[in-house]
$ cat target_20.tsv   # TSV, C-alpha atoms and all ligand atoms
chain	number	residue	atom	x	y	z
A	1	MET	CA	22.64	-9.11	45.39
A	2	THR	CA	21.05	-11.92	43.37
A	3	ASP	CA	17.35	-12.73	43.54
A	4	THR	CA	17.96	-16.38	44.38
A	5	PRO	CA	19.87	-16.54	47.67
A	6	ILE	CA	23.00	-18.70	47.54
A	7	ASN	CA	22.26	-21.89	49.35
A	8	LEU	CA	25.27	-22.59	51.54
A	9	ASP	CA	24.15	-26.12	52.36
A	10	SER	CA	23.86	-27.17	48.74
A	11	LEU	CA	27.25	-25.59	47.90
A	12	ARG	CA	28.84	-27.55	50.75
A	13	GLN	CA	27.16	-30.70	49.60
A	14	ARG	CA	28.58	-30.11	46.11
A	15	ILE	CA	32.07	-29.56	47.59
A	16	ASP	CA	31.77	-32.84	49.52
A	17	GLU	CA	30.86	-34.68	46.34
A	18	LEU	CA	33.76	-33.10	44.47
A	19	ASP	CA	36.18	-33.95	47.29
A	20	SER	CA	35.08	-37.60	47.15
A	21	GLU	CA	35.77	-37.58	43.44
A	22	ILE	CA	39.18	-35.91	43.89
A	23	LEU	CA	40.01	-38.48	46.58
A	24	ARG	CA	39.10	-41.35	44.29
A	25	LEU	CA	41.15	-39.89	41.44
A	26	ILE	CA	44.24	-39.17	43.55
A	27	SER	CA	44.10	-42.72	44.89
A	28	ALA	CA	43.84	-44.12	41.37
A	29	ARG	CA	46.82	-41.97	40.37
A	30	ALA	CA	48.83	-43.25	43.34
A	31	GLU	CA	47.96	-46.84	42.33
A	32	CYS	CA	49.36	-46.10	38.85
A	33	ALA	CA	52.57	-44.67	40.30
A	34	LYS	CA	52.96	-47.85	42.39
A	35	GLN	CA	52.62	-49.94	39.25
A	36	VAL	CA	55.19	-47.76	37.51
A	37	ALA	CA	57.58	-48.69	40.34
A	38	GLU	CA	56.93	-52.38	39.73
A	39	VAL	CA	57.56	-52.01	35.99
A	40	LYS	CA	60.77	-50.05	36.67
A	41	THR	CA	62.11	-52.63	39.15
A	42	ALA	CA	61.19	-55.54	36.87
A	43	SER	CA	63.33	-54.19	34.04
A	44	ASP	CA	66.15	-52.94	36.29
A	45	PRO	CA	66.55	-53.94	39.98
A	46	GLY	CA	68.65	-50.81	40.64
A	47	ALA	CA	66.13	-48.53	38.87
A	48	VAL	CA	65.99	-44.83	39.65
A	49	PHE	CA	62.43	-43.95	40.60
A	50	TYR	CA	62.55	-40.17	40.49
A	51	ARG	CA	62.42	-38.89	36.89
A	52	PRO	CA	63.10	-35.13	36.73
A	53	GLU	CA	62.23	-34.85	33.03
A	54	ARG	CA	58.90	-36.64	33.50
A	55	GLU	CA	57.97	-34.49	36.51
A	56	ALA	CA	58.79	-31.33	34.54
A	57	GLN	CA	56.55	-32.56	31.69
A	58	VAL	CA	53.67	-33.36	34.08
A	59	LEU	CA	53.86	-29.89	35.66
A	60	ARG	CA	54.17	-28.05	32.34
A	61	ARG	CA	51.16	-29.93	30.97
A	62	ILE	CA	49.07	-29.09	34.02
A	63	MET	CA	50.00	-25.40	33.71
A	64	GLU	CA	49.03	-25.43	30.04
A	65	LEU	CA	45.71	-27.18	30.63
A	66	ASN	CA	44.75	-25.20	33.72
A	67	PRO	CA	41.33	-23.60	33.05
A	68	GLY	CA	41.35	-21.34	36.17
A	69	PRO	CA	40.18	-19.79	38.44
A	70	LEU	CA	43.31	-20.96	40.30
A	71	ASN	CA	46.45	-19.54	38.71
A	72	SER	CA	48.79	-21.98	36.97
A	73	GLU	CA	51.61	-21.72	39.53
A	74	GLU	CA	49.21	-22.49	42.35
A	75	MET	CA	47.80	-25.45	40.44
A	76	ALA	CA	51.29	-26.75	39.64
A	77	ARG	CA	52.20	-26.47	43.33
A	78	LEU	CA	49.24	-28.71	44.23
A	79	PHE	CA	50.27	-31.26	41.60
A	80	ARG	CA	53.86	-31.01	42.82
A	81	GLU	CA	52.63	-32.29	46.20
A	82	ILE	CA	50.50	-35.05	44.66
A	83	MET	CA	53.53	-36.26	42.66
A	84	SER	CA	55.75	-36.01	45.72
A	85	ALA	CA	53.37	-38.25	47.68
A	86	CYS	CA	53.05	-40.70	44.75
A	87	LEU	CA	56.83	-40.91	44.40
A	88	ALA	CA	57.19	-41.53	48.14
A	89	LEU	CA	55.04	-44.65	47.62
A	90	GLU	CA	57.61	-45.90	45.09
A	91	GLN	CA	60.56	-44.84	47.24
A	92	PRO	CA	61.01	-41.81	49.55
A	93	THR	CA	63.57	-39.46	48.02
A	94	LYS	CA	66.45	-38.49	50.33
A	95	VAL	CA	67.74	-34.98	49.78
A	96	ALA	CA	70.72	-33.22	51.40
A	97	TYR	CA	70.66	-29.41	51.44
A	98	LEU	CA	72.80	-26.56	52.67
A	99	GLY	CA	71.49	-26.17	56.22
A	100	PRO	CA	70.81	-25.52	58.96
A	101	GLU	CA	67.05	-26.03	59.00
A	102	GLY	CA	65.16	-22.93	57.96
A	103	THR	CA	67.48	-21.80	55.15
A	104	PHE	CA	66.29	-20.69	51.74
A	105	THR	CA	68.01	-23.80	50.39
A	106	GLN	CA	65.64	-25.95	52.45
A	107	GLN	CA	62.75	-23.94	51.05
A	108	ALA	CA	64.12	-24.59	47.54
A	109	ALA	CA	64.39	-28.34	48.27
A	110	LEU	CA	60.79	-28.37	49.45
A	111	LYS	CA	59.64	-26.42	46.41
A	112	HIS	CA	61.40	-28.81	44.03
A	113	PHE	CA	60.74	-32.20	45.64
A	114	GLY	CA	57.55	-31.50	47.63
A	115	ALA	CA	56.86	-32.25	51.28
A	116	SER	CA	57.11	-36.06	51.03
A	117	ALA	CA	60.85	-36.02	50.36
A	118	VAL	CA	63.13	-36.59	53.36
A	119	SER	CA	65.48	-33.61	53.59
A	120	MET	CA	68.69	-33.49	55.60
A	121	PRO	CA	70.61	-30.33	56.54
A	122	MET	CA	74.38	-30.22	55.89
A	123	ALA	CA	76.80	-27.71	57.40
A	124	ALA	CA	78.57	-26.75	54.16
A	125	ILE	CA	78.25	-26.91	50.38
A	126	ASP	CA	81.08	-29.48	50.05
A	127	GLU	CA	79.28	-31.71	52.54
A	128	VAL	CA	76.21	-31.71	50.30
A	129	PHE	CA	78.46	-32.78	47.40
A	130	ARG	CA	80.12	-35.47	49.54
A	131	GLU	CA	76.83	-36.98	50.73
A	132	VAL	CA	75.60	-37.25	47.14
A	133	GLU	CA	78.91	-38.73	45.94
A	134	ALA	CA	78.92	-41.27	48.76
A	135	GLY	CA	75.37	-42.35	47.85
A	136	ALA	CA	74.09	-41.51	51.35
A	137	VAL	CA	71.33	-39.41	49.73
A	138	ASN	CA	69.68	-39.43	46.28
A	139	TYR	CA	70.09	-35.71	45.58
A	140	GLY	CA	71.56	-32.49	46.91
A	141	VAL	CA	70.37	-28.88	46.73
A	142	VAL	CA	72.89	-26.01	46.63
A	143	PRO	CA	72.56	-22.29	45.81
A	144	VAL	CA	74.37	-21.18	42.65
A	145	GLU	CA	73.49	-17.59	41.85
A	146	ASN	CA	71.56	-14.65	43.17
A	147	SER	CA	70.01	-11.99	40.95
A	148	THR	CA	71.42	-9.18	43.12
A	149	GLU	CA	74.68	-10.53	44.44
A	150	GLY	CA	75.86	-12.82	41.68
A	151	VAL	CA	77.45	-16.22	41.75
A	152	VAL	CA	77.96	-18.54	44.74
A	153	SER	CA	81.59	-19.31	43.88
A	154	HIS	CA	81.88	-22.12	46.39
A	155	THR	CA	79.30	-24.17	44.50
A	156	LEU	CA	81.06	-23.67	41.16
A	157	ASP	CA	84.42	-24.60	42.71
A	158	SER	CA	82.94	-27.80	44.16
A	159	PHE	CA	82.04	-29.01	40.65
A	160	MET	CA	85.67	-28.81	39.55
A	161	ASP	CA	86.77	-31.69	41.78
A	162	SER	CA	83.61	-33.76	41.61
A	163	SER	CA	81.94	-36.28	39.34
A	164	ILE	CA	78.48	-35.06	40.35
A	165	HIS	CA	75.90	-34.11	37.70
A	166	ILE	CA	73.34	-31.35	37.65
A	167	CYS	CA	69.86	-32.95	37.48
A	168	GLY	CA	67.70	-29.86	37.84
A	169	GLU	CA	67.33	-26.23	38.81
A	170	VAL	CA	64.89	-24.31	40.95
A	171	VAL	CA	64.45	-20.57	41.24
A	172	LEU	CA	63.15	-19.08	44.45
A	173	ARG	CA	61.91	-15.53	44.99
A	174	ILE	CA	63.83	-14.38	48.08
A	175	HIS	CA	62.07	-12.17	50.62
A	176	HIS	CA	64.02	-10.99	53.65
A	177	HIS	CA	62.49	-9.77	56.89
A	178	LEU	CA	63.90	-8.03	59.95
A	179	LEU	CA	63.21	-10.42	62.82
A	180	VAL	CA	63.28	-10.03	66.57
A	181	ALA	CA	62.79	-12.39	69.50
A	182	ASP	CA	60.33	-11.74	72.34
A	183	THR	CA	63.31	-10.68	74.49
A	184	THR	CA	64.51	-8.03	72.01
A	185	LEU	CA	64.17	-4.36	72.95
A	186	ARG	CA	62.96	-3.17	69.56
A	187	ASP	CA	64.08	0.45	69.81
A	188	LYS	CA	67.54	-0.58	71.02
A	189	VAL	CA	68.62	-2.80	68.14
A	190	SER	CA	72.35	-2.18	67.71
A	191	ARG	CA	73.41	-5.41	66.01
A	192	ILE	CA	71.97	-7.22	63.00
A	193	TYR	CA	73.00	-10.75	62.09
A	194	SER	CA	72.63	-12.37	58.69
A	195	HIS	CA	74.40	-14.22	55.90
A	196	PRO	CA	76.75	-11.83	54.02
A	197	GLN	CA	74.67	-12.21	50.81
A	198	SER	CA	71.49	-11.22	52.65
A	199	LEU	CA	73.18	-8.24	54.31
A	200	ALA	CA	74.30	-7.17	50.84
A	201	GLN	CA	70.80	-7.69	49.40
A	202	CYS	CA	69.34	-5.36	52.06
A	203	ARG	CA	72.19	-2.81	52.08
A	204	LYS	CA	70.13	0.26	51.11
A	205	TRP	CA	67.29	-0.56	53.49
A	206	LEU	CA	69.77	-1.00	56.36
A	207	ASP	CA	71.53	2.29	55.49
A	208	ALA	CA	68.18	4.08	55.61
A	209	HIS	CA	66.69	2.43	58.70
A	210	TYR	CA	69.59	1.18	60.84
A	211	PRO	CA	72.60	3.25	59.75
A	212	ARG	CA	74.36	2.83	63.10
A	213	ALA	CA	73.67	-0.84	63.80
A	214	GLU	CA	76.60	-3.22	63.53
A	215	ARG	CA	76.10	-5.72	60.66
A	216	VAL	CA	77.41	-9.13	61.68
A	217	PRO	CA	77.90	-11.73	58.94
A	218	VAL	CA	77.18	-15.34	59.97
A	219	SER	CA	77.14	-18.66	58.11
A	220	SER	CA	73.41	-18.69	57.25
A	221	ASN	CA	70.17	-16.77	57.77
A	222	ALA	CA	68.85	-19.57	59.93
A	223	GLU	CA	71.99	-19.33	62.09
A	224	ALA	CA	71.32	-15.57	62.44
A	225	ALA	CA	67.74	-16.30	63.52
A	226	LYS	CA	68.99	-18.76	66.13
A	227	MET	CA	71.63	-16.36	67.50
A	228	ILE	CA	69.31	-13.52	68.49
A	229	LYS	CA	67.44	-15.63	71.02
A	230	GLY	CA	68.49	-14.22	74.39
A	231	GLU	CA	70.32	-11.17	72.99
A	232	TRP	CA	68.13	-8.16	73.84
A	233	HIS	CA	69.84	-5.70	71.46
A	234	SER	CA	70.06	-7.93	68.36
A	235	ALA	CA	67.91	-8.57	65.30
A	236	ALA	CA	68.31	-10.95	62.36
A	237	ILE	CA	67.59	-10.80	58.67
A	238	ALA	CA	66.11	-14.07	57.42
A	239	GLY	CA	63.17	-15.54	55.52
A	240	ASP	CA	59.78	-16.96	56.46
A	241	MET	CA	60.98	-20.49	57.17
A	242	ALA	CA	63.57	-19.35	59.73
A	243	ALA	CA	61.07	-16.93	61.32
A	244	LYS	CA	58.56	-19.72	61.81
A	245	LEU	CA	61.11	-22.31	62.92
A	246	TYR	CA	62.61	-20.08	65.65
A	247	GLY	CA	59.36	-18.34	66.65
A	248	LEU	CA	60.54	-14.84	65.72
A	249	GLU	CA	58.46	-11.80	64.92
A	250	LYS	CA	58.81	-9.76	61.72
A	251	ILE	CA	59.21	-6.07	62.49
A	252	ALA	CA	59.79	-5.17	58.85
A	253	GLU	CA	58.81	-7.33	55.88
A	254	LYS	CA	60.34	-7.70	52.42
A	255	ILE	CA	63.30	-5.42	53.11
A	256	GLU	CA	65.36	-6.61	50.11
A	257	ASP	CA	66.51	-3.68	47.97
A	258	ARG	CA	65.30	-5.25	44.73
A	259	PRO	CA	61.73	-6.54	44.56
A	260	ASP	CA	62.73	-9.20	42.00
A	261	ASN	CA	65.46	-10.61	44.25
A	262	SER	CA	65.70	-14.32	43.51
A	263	THR	CA	68.17	-17.17	43.93
A	264	ARG	CA	68.80	-20.09	41.61
A	265	PHE	CA	69.54	-23.45	43.19
A	266	LEU	CA	70.89	-26.60	41.54
A	267	ILE	CA	69.71	-30.14	42.11
A	268	ILE	CA	72.79	-32.36	42.07
A	269	GLY	CA	72.91	-36.13	41.69
A	270	SER	CA	74.57	-38.90	39.74
A	271	GLN	CA	71.93	-39.51	37.10
A	272	HIS	CA	71.84	-38.65	33.38
A	273	VAL	CA	68.52	-36.88	32.82
A	274	PRO	CA	66.84	-37.51	29.42
A	275	MET	CA	65.26	-34.67	27.41
A	276	SER	CA	62.12	-33.03	28.81
A	277	GLY	CA	61.45	-30.79	25.81
A	278	GLU	CA	62.72	-27.61	27.47
A	279	ASP	CA	66.21	-28.16	28.82
A	280	LYS	CA	69.41	-26.46	29.78
A	281	THR	CA	72.98	-27.72	29.78
A	282	SER	CA	75.84	-26.63	32.06
A	283	ILE	CA	79.48	-27.16	31.12
A	284	VAL	CA	82.85	-26.15	32.51
A	285	VAL	CA	85.64	-25.38	30.04
A	286	ALA	CA	89.32	-24.63	30.57
A	287	MET	CA	91.03	-22.50	27.89
A	288	ARG	CA	94.68	-21.63	27.39
A	289	ASN	CA	95.41	-17.98	28.03
A	290	GLN	CA	95.93	-16.80	24.46
A	291	PRO	CA	94.51	-13.93	22.42
A	292	GLY	CA	91.01	-14.66	21.17
A	293	ALA	CA	90.44	-17.64	23.50
A	294	LEU	CA	87.02	-16.47	24.66
A	295	HIS	CA	85.96	-15.62	21.12
A	296	ASP	CA	87.05	-19.09	19.92
A	297	LEU	CA	85.07	-20.66	22.70
A	298	LEU	CA	81.85	-18.75	22.07
A	299	GLU	CA	81.90	-18.66	18.27
A	300	PRO	CA	80.46	-22.21	17.77
A	301	PHE	CA	77.49	-21.38	20.02
A	302	HIS	CA	76.77	-18.32	17.95
A	303	ARG	CA	77.10	-20.22	14.67
A	304	HIS	CA	74.75	-23.02	15.81
A	305	GLN	CA	72.34	-20.42	17.26
A	306	ILE	CA	72.45	-21.81	20.75
A	307	ASP	CA	71.29	-19.40	23.48
A	308	LEU	CA	73.77	-18.85	26.29
A	309	THR	CA	72.01	-18.17	29.58
A	310	ARG	CA	75.09	-17.64	31.74
A	311	LEU	CA	78.84	-17.27	31.43
A	312	GLU	CA	81.03	-17.21	34.54
A	313	THR	CA	84.81	-17.03	34.76
A	314	ARG	CA	86.72	-18.63	37.62
A	315	PRO	CA	90.45	-18.79	38.20
A	316	SER	CA	91.74	-22.26	37.44
A	317	ARG	CA	93.39	-24.02	40.32
A	318	THR	CA	95.43	-26.37	38.16
A	319	GLY	CA	97.50	-24.10	35.91
A	320	VAL	CA	98.40	-20.43	36.32
A	321	TRP	CA	97.74	-19.76	32.64
A	322	ASN	CA	94.31	-21.33	32.36
A	323	TYR	CA	90.94	-19.67	32.46
A	324	VAL	CA	87.94	-21.72	33.53
A	325	PHE	CA	84.51	-20.82	32.19
A	326	PHE	CA	81.19	-22.06	33.49
A	327	ILE	CA	78.64	-21.89	30.70
A	328	ASP	CA	74.89	-22.55	30.77
A	329	PHE	CA	72.95	-22.74	27.52
A	330	LYS	CA	69.52	-23.79	26.23
A	331	GLY	CA	69.39	-27.32	24.85
A	332	HIS	CA	70.21	-30.90	25.80
A	333	VAL	CA	73.37	-32.98	25.14
A	334	ASP	CA	71.23	-35.61	23.37
A	335	GLU	CA	70.27	-33.06	20.66
A	336	PRO	CA	72.51	-33.38	17.57
A	337	ARG	CA	73.19	-29.62	17.30
A	338	VAL	CA	74.29	-29.50	20.96
A	339	ALA	CA	76.49	-32.57	20.49
A	340	ALA	CA	78.04	-30.84	17.45
A	341	VAL	CA	78.81	-27.66	19.39
A	342	LEU	CA	80.35	-29.62	22.24
A	343	GLU	CA	82.57	-31.52	19.78
A	344	GLU	CA	83.88	-28.22	18.40
A	345	VAL	CA	84.39	-26.76	21.86
A	346	ARG	CA	86.26	-29.90	22.91
A	347	LEU	CA	88.77	-29.34	20.09
A	348	ARG	CA	89.41	-25.73	21.09
A	349	ALA	CA	89.51	-26.18	24.86
A	350	SER	CA	92.21	-27.70	27.02
A	351	GLU	CA	89.47	-29.36	29.07
A	352	LEU	CA	85.69	-29.78	28.81
A	353	LYS	CA	83.37	-31.27	31.39
A	354	VAL	CA	79.62	-31.56	30.88
A	355	LEU	CA	78.02	-30.98	34.27
A	356	GLY	CA	74.60	-32.05	33.06
A	357	SER	CA	71.51	-31.43	30.96
A	358	TYR	CA	68.33	-30.87	32.93
A	359	PRO	CA	64.78	-29.46	32.66
A	360	VAL	CA	64.44	-25.68	32.87
A	361	GLY	CA	62.91	-24.96	36.31
A	362	VAL	CA	59.10	-25.14	36.09
A	363	LEU	CA	57.90	-23.85	39.45
B	401	LIG	C1	55.27	-42.31	38.17
B	401	LIG	C2	56.55	-42.14	37.87
B	401	LIG	O1	57.53	-41.99	38.84
B	401	LIG	C3	57.74	-40.80	39.57
B	401	LIG	C4	56.46	-40.15	39.90
B	401	LIG	C5	55.86	-39.30	39.00
B	401	LIG	C6	54.42	-38.89	39.13
B	401	LIG	O2	53.83	-39.10	40.19
B	401	LIG	O3	53.87	-38.40	38.14
B	401	LIG	C7	56.62	-38.81	37.91
B	401	LIG	C8	57.95	-39.14	37.74
B	401	LIG	C9	58.67	-39.93	38.75
B	401	LIG	O4	59.41	-39.06	39.59
B	401	LIG	C10	57.01	-42.13	36.45
B	401	LIG	O5	58.21	-42.30	36.20
B	401	LIG	O6	56.17	-41.94	35.55
$ encode --input "target_20.tsv" --output "structure tokens"
Amino acid sequence: MTDTPINLDSLRQRIDELDSEILRLISARAECAKQVAEVKTASDPGAVFYRPEREAQVLRRIMELNPGPLNSEEMARLFREIMSACLALEQPTKVAYLGPEGTFTQQAALKHFGASAVSMPMAAIDEVFREVEAGAVNYGVVPVENSTEGVVSHTLDSFMDSSIHICGEVVLRIHHHLLVADTTLRDKVSRIYSHPQSLAQCRKWLDAHYPRAERVPVSSNAEAAKMIKGEWHSAAIAGDMAAKLYGLEKIAEKIEDRPDNSTRFLIIGSQHVPMSGEDKTSIVVAMRNQPGALHDLLEPFHRHQIDLTRLETRPSRTGVWNYVFFIDFKGHVDEPRVAAVLEEVRLRASELKVLGSYPVGVL
């Protein structure tokens, strides 16, 4: 205990003063963002308002400058929302995501664009691609890989027939819960619904706790959450958003087998994103099936000391003898050394498509 008692009234008065100052500053910031919109439209009537590289720089700077006591991620999340609201003043961003409502993909969209974006659920990954291609929305959000279960092959396949670019990435820590409705008889659960990836991510937990329950794969976690309403013997595995949306109760929390379970999502759009200072590039390359093809493909990256962050092989759908590789690496196409590597790869490959350069996920 201190000798001088803490005066609650004076602390609250101080907080009121600070809030007034924060209010004034946020309003001044929003005014600036509005002026940015005017400058952008003046130089180009069809200007793109959302600038992924600029947003990444703003968030990184805030995290660097953050003096505490709030941790940097928390602080960046607050600034994410301020930027989201400022951008909505310029133009509300329309985002399509793999639905239905309550999926982890919606959570990823919210994390990346903030709450002021208008998000629209789509029934399938190709629909997200189609909406973006048709210009019905500004961006799309699709899952691409999970740390436990690997690649979402449907997303990679969609890039093969599309002219869509990757404009960003967002990584989400995935926590699964066992959910029941108020009608569920908890000790009689004999069926558990979830997306096949989530069932796989909780395999060991299910073996230990519900070895006899039937595991029913459905199209999404949110769909699973919806299905158990009215079924007295069923439970669902899904995340917080779905639990809240469908008013379900968690009877076991964080049941994923690996505590670091996370999913990477891609932001897709039609825009070329300039350098942010810490970027990644994704390409897809087709190689003839001949000895040493993979070595030939990777050798230039090694020589130019470019860090590969992912390499994925998919069967090509155009020729029986082609391999298709999806490669992610550190760097941006506008950097000379990256341009040089891509030139060499182009000579060795039967096809090369640059899917996009984009800021490394900040949040
Ligand atoms: C203000 C701008 O426009 C948007 C809003 C931003 C912000 O509020 O900081 C940052 C990038 C853009 O998405 C800008 O381009 O600087």
$ residues_near_ligand --input "target_20.tsv" --ligand "ligand LIG 401 (chain B)" --cutoff "9 Å" --atoms "only C-alpha atoms and all ligand atoms" --output "short mmCIF file (atom, residue, chain, number, x, y, z; two decimals) with C-alpha atoms, in the frame of the given file"
data_model
loop_
_atom_site.label_atom_id
_atom_site.label_comp_id
_atom_site.auth_asym_id
_atom_site.auth_seq_id
_atom_site.Cartn_x
_atom_site.Cartn_y
_atom_site.Cartn_z
CA ARG A 29 46.82 -41.97 40.37
CA ALA A 30 48.83 -43.25 43.34
CA CYS A 32 49.36 -46.10 38.85
CA ALA A 33 52.57 -44.67 40.30
CA LYS A 34 52.96 -47.85 42.39
CA GLN A 35 52.62 -49.94 39.25
CA VAL A 36 55.19 -47.76 37.51
CA ALA A 37 57.58 -48.69 40.34
CA LYS A 40 60.77 -50.05 36.67
CA VAL A 48 65.99 -44.83 39.65
CA PHE A 49 62.43 -43.95 40.60
CA TYR A 50 62.55 -40.17 40.49
CA ARG A 51 62.42 -38.89 36.89
CA PRO A 52 63.10 -35.13 36.73
CA GLU A 53 62.23 -34.85 33.03
CA ARG A 54 58.90 -36.64 33.50
CA GLU A 55 57.97 -34.49 36.51
CA ALA A 56 58.79 -31.33 34.54
CA GLN A 57 56.55 -32.56 31.69
CA VAL A 58 53.67 -33.36 34.08
CA LEU A 59 53.86 -29.89 35.66
CA PHE A 79 50.27 -31.26 41.60
CA ARG A 80 53.86 -31.01 42.82
CA ILE A 82 50.50 -35.05 44.66
CA MET A 83 53.53 -36.26 42.66
CA SER A 84 55.75 -36.01 45.72
CA ALA A 85 53.37 -38.25 47.68
CA CYS A 86 53.05 -40.70 44.75
CA LEU A 87 56.83 -40.91 44.40
CA ALA A 88 57.19 -41.53 48.14
CA GLU A 90 57.61 -45.90 45.09
#
$ residues_around --input "target_20.tsv" --residues "Asn322 of chain A" --least-positions-apart "5" --cutoff "6 Å" --atoms "all atoms listed in the file" --output "PDB file with C-alpha atoms, keeping the file's coordinate frame"
ATOM      1  CA  MET A 287      91.030 -22.500  27.890  1.00  0.00           C
ATOM      2  CA  ARG A 288      94.680 -21.630  27.390  1.00  0.00           C
ATOM      3  CA  ASN A 289      95.410 -17.980  28.030  1.00  0.00           C
ATOM      4  CA  SER A 316      91.740 -22.260  37.440  1.00  0.00           C
TER       5      SER A 316
END
$ atom_distance --input "target_20.tsv" --atom1 "atom CA of Val39 of chain A" --atom2 "atom CA of Gln91 of chain A"
13.7 Å
$ atom_distance --input "target_20.tsv" --atom1 "atom CA of Val152 of chain A" --atom2 "atom CA of Ile251 of chain A"
28.7 Å
$ atom_distance --input "target_20.tsv" --atom1 "atom CA of Ala108 of chain A" --atom2 "atom CA of Ile267 of chain A"
9.6 Å
$ closest_residue --input "target_20.tsv" --among "A:Arg14, A:Arg130, A:Arg203, A:Lys111" --to "Glu169 of chain A" --atoms "only C-alpha atoms"
A:Lys111
$ closest_residue --input "target_20.tsv" --among "A:Ile164, A:Cys202, A:Leu363, A:Leu266" --to "Ala134 of chain A" --atoms "all atoms listed in the file"
A:Ile164
$ closest_residue --input "target_20.tsv" --among "A:Leu342, A:Leu11, A:Ala117, A:Val180" --to "Tyr97 of chain A" --atoms "all atoms listed in the file"
A:Ala117
$ closest_residue --input "target_20.tsv" --among "A:Val118, A:Ala123, A:Val151, A:Val137" --to "Ala222 of chain A" --atoms "all atoms listed in the file"
A:Ala123
